[in-house]
$ cat entry.cif   # mmCIF, C-alpha atoms
data_protein
#
loop_
_atom_site.label_atom_id
_atom_site.label_comp_id
_atom_site.auth_asym_id
_atom_site.auth_seq_id
_atom_site.Cartn_x
_atom_site.Cartn_y
_atom_site.Cartn_z
CA MET A 1187 -15.33 7.12 35.90
CA PRO A 1188 -18.78 5.88 34.88
CA ALA A 1189 -19.25 2.28 33.88
CA SER A 1190 -19.83 1.87 30.15
CA ALA A 1191 -23.07 -0.04 30.77
CA ASP A 1192 -24.89 3.30 30.98
CA ALA A 1193 -22.53 4.91 28.51
CA PRO A 1194 -25.23 5.56 25.87
CA ALA A 1195 -27.50 7.42 28.29
CA ALA A 1196 -24.64 9.31 29.94
CA LEU A 1197 -23.25 10.19 26.56
CA LYS A 1198 -26.55 11.68 25.40
CA ARG A 1199 -26.72 13.77 28.58
CA THR A 1200 -23.20 15.07 27.96
CA PHE A 1201 -23.72 15.64 24.24
CA PRO A 1202 -27.37 16.55 23.54
CA GLN A 1203 -26.54 17.02 19.83
CA LEU A 1204 -26.17 13.21 19.43
CA LEU A 1205 -28.94 11.47 17.48
CA ASP A 1206 -29.83 7.82 17.90
CA ARG A 1207 -28.93 5.73 14.90
CA PRO A 1208 -30.79 2.54 13.88
CA SER A 1209 -28.63 -0.41 14.87
CA LEU A 1210 -29.21 -4.15 15.09
CA ASP A 1211 -26.37 -4.91 17.47
CA HIS A 1212 -24.59 -2.18 19.43
CA PRO A 1213 -25.39 1.38 20.55
CA ALA A 1214 -25.00 3.76 17.65
CA PHE A 1215 -25.18 7.55 17.33
CA THR A 1216 -24.93 10.18 14.67
CA ALA A 1217 -22.88 13.24 15.55
CA PRO A 1218 -22.16 16.50 13.75
CA ALA A 1219 -18.83 16.27 11.93
CA ALA A 1220 -17.37 19.23 13.82
CA ASP A 1221 -17.94 17.55 17.23
CA VAL A 1222 -16.57 14.11 16.33
CA VAL A 1223 -13.10 14.51 17.81
CA GLY A 1224 -14.41 15.84 21.13
CA ILE A 1225 -17.01 13.08 21.47
CA LEU A 1226 -14.50 10.35 20.58
CA GLN A 1227 -12.01 11.77 23.08
CA HIS A 1228 -14.71 11.75 25.74
CA LEU A 1229 -15.58 8.15 24.88
CA ARG A 1230 -11.93 7.12 25.01
CA ASP A 1231 -11.02 8.92 28.23
CA GLY A 1232 -14.36 8.90 30.09
CA HIS A 1233 -15.98 5.65 28.99
CA ARG A 1234 -12.96 3.39 28.43
CA PHE A 1235 -13.62 2.93 24.72
CA ASP A 1236 -9.87 2.67 24.25
CA PHE A 1237 -9.72 0.79 20.94
CA LEU A 1238 -10.67 2.13 17.52
CA THR A 1239 -11.72 -1.15 15.87
CA ASP A 1240 -12.49 0.31 12.48
CA LEU A 1241 -12.91 3.59 10.70
CA THR A 1242 -14.86 3.42 7.48
CA ALA A 1243 -17.42 5.37 5.49
CA ILE A 1244 -20.73 5.08 3.65
CA ASP A 1245 -21.64 6.52 0.27
CA ASN A 1246 -25.40 7.08 0.52
CA GLY A 1247 -25.77 7.54 -3.23
CA GLU A 1248 -25.03 10.16 -5.84
CA GLU A 1249 -28.30 12.03 -5.28
CA ALA A 1250 -28.40 11.71 -1.49
CA THR A 1251 -27.71 14.56 0.94
CA PRO A 1252 -25.69 14.16 3.09
CA ARG A 1253 -23.90 11.89 0.65
CA PHE A 1254 -20.93 10.67 2.72
CA THR A 1255 -20.99 9.37 6.28
CA GLY A 1256 -17.87 8.51 8.27
CA VAL A 1257 -18.30 5.60 10.71
CA TYR A 1258 -16.19 4.97 13.82
CA HIS A 1259 -16.34 1.56 15.51
CA LEU A 1260 -15.12 1.64 19.09
CA TYR A 1261 -14.39 -1.20 21.50
CA SER A 1262 -13.63 -1.22 25.18
CA THR A 1263 -10.91 -3.73 25.97
CA THR A 1264 -11.76 -3.54 29.69
CA GLU A 1265 -15.59 -3.55 29.54
CA HIS A 1266 -15.85 -5.65 26.34
CA LYS A 1267 -18.47 -3.35 24.82
CA TYR A 1268 -18.83 -1.97 21.32
CA LEU A 1269 -20.11 1.44 20.24
CA ARG A 1270 -20.62 2.97 16.82
CA LEU A 1271 -20.44 6.65 15.99
CA ALA A 1272 -21.34 8.10 12.60
CA ALA A 1273 -20.75 11.59 11.24
CA ASN A 1274 -22.21 13.04 8.07
CA CYS A 1275 -19.81 15.01 5.90
CA PRO A 1276 -21.21 18.53 5.52
CA ASP A 1277 -20.09 18.99 1.89
CA ASP A 1278 -21.35 16.47 -0.70
CA SER A 1279 -18.93 17.38 -3.50
CA GLU A 1280 -15.78 17.86 -1.39
CA PRO A 1281 -16.41 15.69 1.68
CA SER A 1282 -14.22 16.26 4.69
CA LEU A 1283 -13.93 15.10 8.30
CA PRO A 1284 -11.53 16.01 11.11
CA THR A 1285 -8.72 13.53 11.70
CA VAL A 1286 -8.62 11.39 14.86
CA THR A 1287 -4.94 10.41 14.49
CA ALA A 1288 -4.21 12.45 17.61
CA LEU A 1289 -6.49 10.13 19.63
CA TRP A 1290 -5.51 6.82 18.03
CA PRO A 1291 -2.30 6.71 15.94
CA GLY A 1292 -3.79 3.61 14.31
CA ALA A 1293 -6.39 5.81 12.63
CA ASN A 1294 -3.66 6.99 10.27
CA TRP A 1295 -3.93 4.13 7.80
CA LEU A 1296 -7.68 3.73 8.28
CA GLU A 1297 -8.20 7.34 7.27
CA ARG A 1298 -5.85 6.90 4.34
CA GLU A 1299 -7.97 3.97 3.18
CA VAL A 1300 -11.20 5.95 3.51
CA TYR A 1301 -9.57 8.80 1.60
CA ASP A 1302 -8.40 6.38 -1.11
CA MET A 1303 -11.74 4.59 -1.50
CA PHE A 1304 -14.24 7.45 -0.93
CA GLY A 1305 -12.25 10.64 -1.42
CA ILE A 1306 -13.09 11.96 2.04
CA VAL A 1307 -10.35 14.40 3.08
CA PHE A 1308 -9.31 14.17 6.73
CA ALA A 1309 -8.36 17.65 7.88
CA GLY A 1310 -5.14 17.67 9.90
CA HIS A 1311 -4.02 14.18 8.84
CA PRO A 1312 -0.19 13.99 8.98
CA ASP A 1313 0.27 11.99 5.76
CA LEU A 1314 -2.89 11.79 3.67
CA ARG A 1315 -1.78 9.71 0.68
CA ARG A 1316 -3.56 6.87 -1.08
CA ILE A 1317 -2.86 3.52 0.55
CA LEU A 1318 -4.26 0.84 -1.80
CA MET A 1319 -4.43 2.43 -5.22
CA TRP A 1320 -1.39 4.24 -6.58
CA ASP A 1321 -0.68 7.97 -6.34
CA GLY A 1322 -2.27 9.69 -9.29
CA TYR A 1323 -5.15 7.21 -9.71
CA PRO A 1324 -8.00 9.48 -10.79
CA TYR A 1325 -10.99 7.74 -9.12
CA HIS A 1326 -12.29 6.68 -5.71
CA PRO A 1327 -13.37 3.07 -6.24
CA LEU A 1328 -15.95 2.63 -3.47
CA ARG A 1329 -18.06 5.59 -4.57
CA LYS A 1330 -21.44 4.62 -5.96
CA GLU A 1331 -20.79 6.00 -9.45
CA PHE A 1332 -17.65 3.84 -9.84
CA PRO A 1333 -18.34 0.51 -11.58
CA LEU A 1334 -16.90 -2.67 -10.03
CA SER A 1335 -15.16 -3.52 -13.30
CA GLY A 1336 -13.26 -0.24 -13.18
CA ILE A 1337 -12.71 2.61 -15.62
CA GLU A 1338 -10.06 2.60 -18.32
CA THR A 1339 -7.04 4.68 -17.36
CA THR A 1340 -3.27 4.51 -17.54
CA LEU A 1341 -0.83 2.43 -15.49
CA PRO A 1342 1.23 4.23 -12.83
CA ASP A 1343 4.55 3.73 -14.67
CA LEU A 1344 4.69 5.56 -18.02
CA GLU A 1345 7.91 3.81 -19.10
CA VAL A 1346 6.23 0.43 -18.72
CA VAL A 1347 3.19 1.76 -20.60
CA ALA A 1348 5.46 2.85 -23.48
CA GLU A 1349 7.17 -0.57 -23.49
CA THR A 1350 4.11 -2.79 -23.21
CA GLY A 1351 1.21 -0.65 -24.43
CA THR A 1352 -0.82 -1.99 -21.50
CA ARG A 1353 -3.51 0.12 -19.86
CA VAL A 1354 -5.83 -0.34 -16.91
CA ILE A 1355 -8.96 -1.76 -18.58
CA ALA A 1356 -12.46 -2.39 -17.36
CA ALA A 1357 -12.46 -6.01 -16.18
CA PRO A 1358 -14.58 -8.38 -18.28
CA MET A 1359 -17.84 -8.85 -16.38
CA VAL A 1360 -19.60 -11.54 -18.41
CA GLY A 1361 -22.10 -13.27 -16.15
CA GLY A 1362 -21.55 -10.64 -13.48
CA PRO A 1363 -18.93 -10.45 -10.75
CA PHE A 1364 -17.55 -13.59 -9.11
CA VAL A 1365 -19.34 -14.28 -5.85
CA ALA A 1366 -18.98 -17.12 -3.35
CA SER A 1367 -21.99 -18.86 -1.79
CA SER A 1368 -21.74 -18.62 1.96
CA GLY A 1369 -23.07 -21.48 4.04
CA GLU A 1370 -22.72 -23.89 1.14
CA ILE A 1371 -21.70 -27.38 2.29
CA ASN A 1372 -20.59 -28.54 -1.15
CA LEU A 1373 -17.25 -26.77 -1.64
CA THR A 1374 -17.42 -27.12 -5.43
CA GLU A 1375 -20.70 -25.21 -5.43
CA ALA A 1376 -19.41 -22.65 -2.94
CA GLU A 1377 -16.44 -21.69 -5.10
CA PRO A 1378 -16.49 -18.08 -6.38
CA ARG A 1379 -18.07 -17.88 -9.82
CA ALA A 1380 -20.29 -15.71 -11.99
CA LYS A 1381 -23.81 -16.56 -10.84
CA ASP A 1382 -25.82 -14.88 -13.59
CA GLU A 1383 -25.99 -17.44 -16.40
CA SER A 1384 -28.48 -15.39 -18.47
CA TRP A 1385 -25.76 -13.59 -20.47
CA ASN A 1386 -22.32 -14.35 -21.86
CA GLU A 1387 -19.91 -13.29 -24.62
CA GLN A 1388 -22.42 -14.35 -27.29
CA SER A 1389 -25.74 -13.05 -25.93
CA GLU A 1390 -26.34 -9.59 -24.50
CA LYS A 1391 -27.30 -8.93 -20.91
CA PRO A 1392 -31.14 -8.79 -20.65
CA LEU A 1393 -32.45 -5.42 -19.50
CA MET B 461 63.70 -37.32 -35.30
CA VAL B 462 60.01 -37.32 -34.55
CA SER B 463 58.01 -40.04 -36.18
CA SER B 464 54.84 -38.96 -37.88
CA ASN B 465 51.49 -40.14 -36.54
CA THR B 466 50.29 -42.62 -39.08
CA GLU B 467 46.99 -43.49 -37.39
CA VAL B 468 43.98 -42.36 -39.39
CA ALA B 469 41.30 -43.57 -36.98
CA TYR B 470 40.44 -41.92 -33.67
CA ASN B 471 42.34 -43.42 -30.74
CA THR B 472 40.57 -43.12 -27.36
CA LYS B 473 43.79 -43.98 -25.48
CA ILE B 474 45.39 -40.84 -26.85
CA GLU B 475 42.47 -38.45 -27.32
CA GLY B 476 40.10 -39.43 -24.50
CA ASP B 477 36.35 -40.03 -24.71
CA VAL B 478 34.50 -37.77 -27.12
CA VAL B 479 30.79 -37.49 -27.76
CA VAL B 480 29.61 -35.87 -30.96
CA THR B 481 26.38 -33.89 -30.80
CA ARG B 482 24.69 -30.71 -31.97
CA ALA B 483 25.41 -27.41 -30.23
CA ASP B 484 21.66 -26.83 -29.77
CA ALA B 485 21.29 -30.10 -27.92
CA VAL B 486 24.13 -29.35 -25.52
CA ILE B 487 23.07 -25.76 -24.78
CA ASN B 488 19.43 -26.70 -24.32
CA TRP B 489 20.35 -29.67 -22.16
CA ILE B 490 22.35 -27.43 -19.86
CA ARG B 491 19.67 -24.74 -19.72
CA ALA B 492 16.73 -27.07 -19.20
CA ASN B 493 18.33 -28.97 -16.37
CA SER B 494 19.47 -26.00 -14.39
CA VAL B 495 16.58 -23.53 -14.40
CA TRP B 496 17.08 -20.85 -11.77
CA PRO B 497 13.59 -19.65 -10.83
CA MET B 498 12.72 -16.16 -9.65
CA PRO B 499 9.84 -16.66 -7.19
CA MET B 500 7.39 -13.82 -7.86
CA GLY B 501 5.18 -14.81 -4.91
CA LEU B 502 2.26 -12.39 -4.77
CA ALA B 503 -0.55 -14.38 -3.13
CA CYS B 504 -1.56 -17.83 -1.91
CA CYS B 505 0.02 -19.56 -4.96
CA ALA B 506 3.35 -18.71 -3.36
CA ILE B 507 2.54 -21.18 -0.56
CA GLU B 508 2.20 -23.97 -3.13
CA LEU B 509 5.38 -22.69 -4.74
CA MET B 510 7.19 -23.08 -1.41
CA ALA B 511 5.76 -26.57 -1.01
CA THR B 512 7.06 -27.42 -4.48
CA ALA B 513 10.52 -26.32 -3.45
CA SER B 514 10.40 -28.30 -0.20
CA SER B 515 11.25 -31.91 0.51
CA ARG B 516 7.88 -33.55 -0.19
CA PHE B 517 7.65 -32.44 -3.84
CA ASP B 518 11.30 -31.44 -4.27
CA ILE B 519 11.72 -29.35 -7.40
CA ALA B 520 15.44 -30.20 -7.15
CA ARG B 521 14.61 -33.46 -8.94
CA PHE B 522 14.18 -31.32 -12.05
CA GLY B 523 17.21 -29.13 -11.46
CA ALA B 524 15.26 -25.98 -10.53
CA GLU B 525 15.95 -25.78 -6.80
CA VAL B 526 18.12 -22.67 -6.91
CA PHE B 527 15.49 -20.02 -6.16
CA ARG B 528 17.04 -16.60 -6.57
CA PHE B 529 15.47 -13.49 -5.14
CA SER B 530 17.61 -11.29 -7.36
CA PRO B 531 16.31 -11.12 -10.95
CA ARG B 532 19.88 -10.75 -12.17
CA GLN B 533 20.63 -14.32 -11.06
CA ALA B 534 17.41 -15.93 -12.31
CA ASP B 535 16.19 -17.06 -15.70
CA CYS B 536 12.62 -18.23 -15.07
CA MET B 537 10.09 -15.96 -13.39
CA ILE B 538 7.30 -17.91 -11.68
CA VAL B 539 4.43 -15.43 -11.25
CA ALA B 540 2.61 -17.03 -8.31
CA GLY B 541 -0.42 -14.97 -7.36
CA THR B 542 -2.71 -12.05 -8.09
CA VAL B 543 -1.07 -9.19 -9.98
CA THR B 544 -2.63 -5.85 -9.15
CA TYR B 545 -2.29 -2.88 -11.44
CA LYS B 546 -0.19 -1.24 -8.73
CA MET B 547 2.23 -4.20 -8.79
CA ALA B 548 2.26 -4.72 -12.56
CA PRO B 549 4.91 -2.09 -13.45
CA HIS B 550 7.23 -3.44 -10.75
CA LEU B 551 6.77 -6.95 -12.09
CA ARG B 552 7.67 -5.74 -15.57
CA ARG B 553 10.77 -3.99 -14.26
CA ILE B 554 11.90 -7.11 -12.41
CA TYR B 555 11.38 -9.08 -15.63
CA ASP B 556 13.45 -6.52 -17.53
CA GLN B 557 16.30 -6.96 -15.03
CA MET B 558 16.55 -10.70 -15.71
CA ALA B 559 19.33 -11.69 -18.11
CA GLU B 560 18.54 -13.41 -21.42
CA PRO B 561 17.56 -16.15 -22.03
CA LYS B 562 14.52 -15.92 -19.72
CA TRP B 563 11.17 -17.58 -19.36
CA VAL B 564 7.92 -16.89 -17.49
CA ILE B 565 5.51 -19.32 -15.86
CA ALA B 566 2.06 -17.90 -15.02
CA MET B 567 1.06 -19.94 -11.99
CA GLY B 568 -2.64 -20.21 -11.21
CA ALA B 569 -5.87 -18.58 -12.38
CA CYS B 570 -5.03 -15.06 -11.16
CA ALA B 571 -1.68 -14.79 -12.92
CA SER B 572 -3.08 -16.39 -16.07
CA SER B 573 -6.31 -14.41 -16.45
CA GLY B 574 -7.08 -12.35 -13.35
CA GLY B 575 -8.94 -15.34 -11.96
CA MET B 576 -11.88 -14.58 -9.74
CA TYR B 577 -10.80 -10.95 -9.40
CA ARG B 578 -12.99 -9.28 -12.02
CA SER B 579 -12.25 -5.91 -10.53
CA TYR B 580 -10.82 -2.47 -11.10
CA ALA B 581 -7.63 -3.31 -9.19
CA THR B 582 -6.45 -6.55 -10.81
CA LEU B 583 -4.41 -7.03 -13.98
CA GLN B 584 -6.48 -9.41 -16.14
CA GLY B 585 -3.64 -11.81 -16.95
CA VAL B 586 0.09 -11.30 -16.53
CA ASP B 587 0.56 -11.92 -20.27
CA ARG B 588 -0.62 -8.35 -20.78
CA ILE B 589 2.67 -7.13 -19.36
CA VAL B 590 5.29 -9.92 -19.83
CA PRO B 591 5.52 -12.78 -22.38
CA VAL B 592 4.35 -16.03 -20.77
CA ASP B 593 5.72 -19.47 -21.76
CA VAL B 594 3.59 -21.78 -19.61
CA TYR B 595 0.20 -21.21 -17.97
CA ILE B 596 -0.93 -23.35 -15.03
CA SER B 597 -4.63 -23.74 -14.21
CA GLY B 598 -5.84 -24.08 -10.63
CA CYS B 599 -6.69 -21.89 -7.66
CA PRO B 600 -4.13 -22.50 -6.36
CA PRO B 601 -2.48 -25.23 -8.49
CA ARG B 602 -1.08 -28.24 -6.67
CA PRO B 603 2.71 -28.60 -6.56
CA GLU B 604 2.44 -31.43 -9.08
CA ALA B 605 0.92 -28.97 -11.54
CA LEU B 606 3.88 -26.63 -11.10
CA LEU B 607 6.29 -29.51 -11.64
CA ASP B 608 4.33 -30.44 -14.77
CA ALA B 609 4.66 -26.86 -15.98
CA LEU B 610 8.40 -27.00 -15.35
CA ILE B 611 8.66 -30.21 -17.40
CA LYS B 612 6.64 -28.57 -20.18
CA LEU B 613 8.96 -25.57 -20.05
CA GLN B 614 11.96 -27.90 -20.25
CA SER B 615 10.55 -29.58 -23.34
CA LYS B 616 9.99 -26.14 -24.83
CA MET B 617 13.61 -25.22 -24.04
CA HIS B 618 14.75 -28.39 -25.84
CA GLN B 619 13.14 -27.13 -29.07
CA ASP B 620 14.94 -23.80 -28.97
CA ARG B 621 17.48 -22.91 -31.73
CA SER B 622 19.91 -21.76 -29.06
CA ALA B 623 23.20 -21.97 -31.00
CA LYS B 624 21.86 -19.93 -33.90
CA ARG B 625 20.49 -17.33 -31.49
CA LEU B 626 23.81 -17.14 -29.65
CA MET B 627 25.63 -16.55 -32.95
CA THR B 628 23.28 -13.81 -34.08
CA ALA B 629 23.00 -12.13 -30.67
#

$ encode --input "entry.cif" --output "structure tokens"
Amino acid sequence: MPASADAPAALKRTFPQLLDRPSLDHPAFTAPAADVVGILQHLRDGHRFDFLTDLTAIDNGEEATPRFTGVYHLYSTTEHKYLRLAANCPDDSEPSLPTVTALWPGANWLEREVYDMFGIVFAGHPDLRRILMWDGYPYHPLRKEFPLSGIETTLPDLEVVAETGTRVIAAPMVGGPFVASSGEINLTEAEPRAKDESWNEQSEKPL
Amino acid sequence: MVSSNTEVAYNTKIEGDVVVTRADAVINWIRANSVWPMPMGLACCAIELMATASSRFDIARFGAEVFRFSPRQADCMIVAGTVTYKMAPHLRRIYDQMAEPKWVIAMGACASSGGMYRSYATLQGVDRIVPVDVYISGCPPRPEALLDALIKLQSKMHQDRSAKRLMTA
């Protein structure tokens, strides 16, 4: 079993289709979506990357091609090394990736979250339902075209809607979203608040 | 032969102690001093809610120590935390399962207005889905603020026309 210190070089010899990916911290590669499961299995079994730290995705923008990129963060609990693998989804309108639940059962909920937030379908997933938003929610909130404040739609329970007349509304965004200042010593200043004071309920947002 | 009772005045030795009052005052007094809260703990406010119920702040001093996790046994829902749109219908159904008379305390910024969560996922104020009696500011509010809200709710209960409502119900 090779030590993971030379894992990047050995990996590129084994899989010549891997492309180097710009990274500030750990080794990172881009792989074709079809080869992802095989490469991850090789990393897990051959290079001791036994822990799937995170599975997430990137929306590169509405106009970009490839639009969606799945990202796998691996960690070796024996070698204490990280590695990042990315895979572009071949289809921009109906993005899809193969599931890795067979390699790490923990990928189940991570893939459900990526499906919920980005709409990337994981082929072969045993239970691909939304995990954060409710079943039947019509949007994927982390896509670039989705506004932070949300889009008006109906609540999941139609009986409650009939009783209360309440709908999911776009959140009021006067002054912009609430953000916290990191590294602020004064806790009163660091508290989350709308930072943009140039507009409010009375005056329009300057263009 | 039985002698007739000739006393016109009220005799405490025979009749016992009697206090005359209004029905409203009695009903409201009973209700206000034995509020059974339903802890709707949804986020960090619930930690302050637990502190309020514990020995240091001791909500029992105001008669509201009987926290009931069944809505059927509670009459005051304390919404402590962020209400997401996914949770909102369940919250409404739990409220509907509480028996009348019932009250709602919106504890903290999130329950009152959505708080810092200006986002697609968060209900912008629990008053959009249930009627709220008392709002508490703070993120999260201190236990004293919750006790203050309980006292405010009690004073609101004291103004209720309870007897009339019971008759017409």

$ interface_residues --input "entry.cif" --of "chain B" --to "chain A" --cutoff "8 Å" --atoms "all atoms listed in the file" --output "MDAnalysis selection string"
chainID B and resid 545:546 549 552:553 576:581 583:584 588:590

$ write_last_selection --input "entry.cif" --atoms "C-alpha atoms" --output "PDB file, keeping the file's coordinate frame"
ATOM      1  CA  TYR B 545      -2.290  -2.880 -11.440  1.00  0.00           C
ATOM      2  CA  LYS B 546      -0.190  -1.240  -8.730  1.00  0.00           C
ATOM      3  CA  PRO B 549       4.910  -2.090 -13.450  1.00  0.00           C
ATOM      4  CA  ARG B 552       7.670  -5.740 -15.570  1.00  0.00           C
ATOM      5  CA  ARG B 553      10.770  -3.990 -14.260  1.00  0.00           C
ATOM      6  CA  MET B 576     -11.880 -14.580  -9.740  1.00  0.00           C
ATOM      7  CA  TYR B 577     -10.800 -10.950  -9.400  1.00  0.00           C
ATOM      8  CA  ARG B 578     -12.990  -9.280 -12.020  1.00  0.00           C
ATOM      9  CA  SER B 579     -12.250  -5.910 -10.530  1.00  0.00           C
ATOM     10  CA  TYR B 580     -10.820  -2.470 -11.100  1.00  0.00           C
ATOM     11  CA  ALA B 581      -7.630  -3.310  -9.190  1.00  0.00           C
ATOM     12  CA  LEU B 583      -4.410  -7.030 -13.980  1.00  0.00           C
ATOM     13  CA  GLN B 584      -6.480  -9.410 -16.140  1.00  0.00           C
ATOM     14  CA  ARG B 588      -0.620  -8.350 -20.780  1.00  0.00           C
ATOM     15  CA  ILE B 589       2.670  -7.130 -19.360  1.00  0.00           C
ATOM     16  CA  VAL B 590       5.290  -9.920 -19.830  1.00  0.00           C
TER      17      VAL B 590
END

$ residues_near_point --input "entry.cif" --point "(2.9, -19.5, -21.3)" --cutoff "9 Å" --atoms "only C-alpha atoms" --output "PyMOL selection string"
chain B and resi 563-566+572+587+591-596+613

$ resolve_selection --input "entry.cif" --expression "the PyMOL selection byres ((chain A and resi 1261) around 12)" --output "VMD selection string"
chain A and resid 1190 1212 to 1213 1226 1229 to 1230 1233 to 1241 1258 to 1260 1262 to 1271

$ atom_distance --input "entry.cif" --atom1 "atom CA of Leu606 of chain B" --atom2 "atom CA of Arg625 of chain B"
27.9 Å

$ closest_residue --input "entry.cif" --among "A:Ser1279, A:Thr1285, A:Leu1373, A:Thr1242" --to "Leu1314 of chain A" --atoms "all atoms listed in the file"
A:Thr1285

$ residues_around --input "entry.cif" --residues "Asp1278 of chain A" --least-positions-apart "4" --cutoff "7 Å" --atoms "all atoms listed in the file" --output "PyMOL selection string"
chain A and resi 1251-1254

$ resolve_selection --input "entry.cif" --expression "the PyMOL selection byres ((chain A and resi 1311) around 8)" --output "PDB file with C-alpha atoms, keeping the file's coordinate frame"
ATOM      1  CA  THR A1285      -8.720  13.530  11.700  1.00  0.00           C
ATOM      2  CA  THR A1287      -4.940  10.410  14.490  1.00  0.00           C
ATOM      3  CA  ASN A1294      -3.660   6.990  10.270  1.00  0.00           C
ATOM      4  CA  PHE A1308      -9.310  14.170   6.730  1.00  0.00           C
ATOM      5  CA  ALA A1309      -8.360  17.650   7.880  1.00  0.00           C
ATOM      6  CA  GLY A1310      -5.140  17.670   9.900  1.00  0.00           C
ATOM      7  CA  PRO A1312      -0.190  13.990   8.980  1.00  0.00           C
ATOM      8  CA  ASP A1313       0.270  11.990   5.760  1.00  0.00           C
ATOM      9  CA  LEU A1314      -2.890  11.790   3.670  1.00  0.00           C
TER      10      LEU A1314
END

$ resolve_selection --input "entry.cif" --expression "the PyMOL selection byres ((chain B and resi 523) around 12)" --output "short mmCIF file (atom, residue, chain, number, x, y, z; two decimals) with C-alpha atoms, in the frame of the given file"
data_model
loop_
_atom_site.label_atom_id
_atom_site.label_comp_id
_atom_site.auth_asym_id
_atom_site.auth_seq_id
_atom_site.Cartn_x
_atom_site.Cartn_y
_atom_site.Cartn_z
CA TRP B 489 20.35 -29.67 -22.16
CA ILE B 490 22.35 -27.43 -19.86
CA ARG B 491 19.67 -24.74 -19.72
CA ALA B 492 16.73 -27.07 -19.20
CA ASN B 493 18.33 -28.97 -16.37
CA SER B 494 19.47 -26.00 -14.39
CA VAL B 495 16.58 -23.53 -14.40
CA TRP B 496 17.08 -20.85 -11.77
CA PRO B 497 13.59 -19.65 -10.83
CA ALA B 513 10.52 -26.32 -3.45
CA ASP B 518 11.30 -31.44 -4.27
CA ILE B 519 11.72 -29.35 -7.40
CA ALA B 520 15.44 -30.20 -7.15
CA ARG B 521 14.61 -33.46 -8.94
CA PHE B 522 14.18 -31.32 -12.05
CA ALA B 524 15.26 -25.98 -10.53
CA GLU B 525 15.95 -25.78 -6.80
CA VAL B 526 18.12 -22.67 -6.91
CA PHE B 527 15.49 -20.02 -6.16
CA LEU B 607 6.29 -29.51 -11.64
CA LEU B 610 8.40 -27.00 -15.35
CA ILE B 611 8.66 -30.21 -17.40
CA GLN B 614 11.96 -27.90 -20.25
#

$ atom_distance --input "entry.cif" --atom1 "atom CA of Asp1302 of chain A" --atom2 "atom CA of Arg1315 of chain A"
7.6 Å

$ residues_around --input "entry.cif" --residues "Leu1197 of chain A" --least-positions-apart "5" --cutoff "10 Å" --atoms "all atoms listed in the file" --output "count of residues only"
10

$ residues_around --input "entry.cif" --residues "Leu1205 of chain A" --least-positions-apart "4" --cutoff "9 Å" --atoms "only C-alpha atoms" --output "list of chain:residue names"
A:Lys1198, A:Ala1214, A:Phe1215, A:Thr1216, A:Ala1217

$ residues_around --input "entry.cif" --residues "Cys504 of chain B" --least-positions-apart "4" --cutoff "9 Å" --atoms "only C-alpha atoms" --output "list in words"
Glu508, Leu509, Ala540, Gly541, Thr542, Cys599 and Pro600 of chain B

$ closest_residue --input "entry.cif" --among "A:Ala1243, A:Val1286, A:Ala1250, A:Ala1195" --to "Asp1221 of chain A" --atoms "only C-alpha atoms"
A:Val1286

$ atom_distance --input "entry.cif" --atom1 "atom CA of Asn488 of chain B" --atom2 "atom CA of Lys624 of chain B"
12.0 Å

$ residues_around --input "entry.cif" --residues "Met500 of chain B" --least-positions-apart "4" --cutoff "7 Å" --atoms "all atoms listed in the file" --output "NGL selection string"
:B and (537-540)

$ closest_residue --input "entry.cif" --among "B:Met617, B:Cys505, B:Ala548, B:Ser515" --to "Asp535 of chain B" --atoms "all atoms listed in the file"
B:Met617
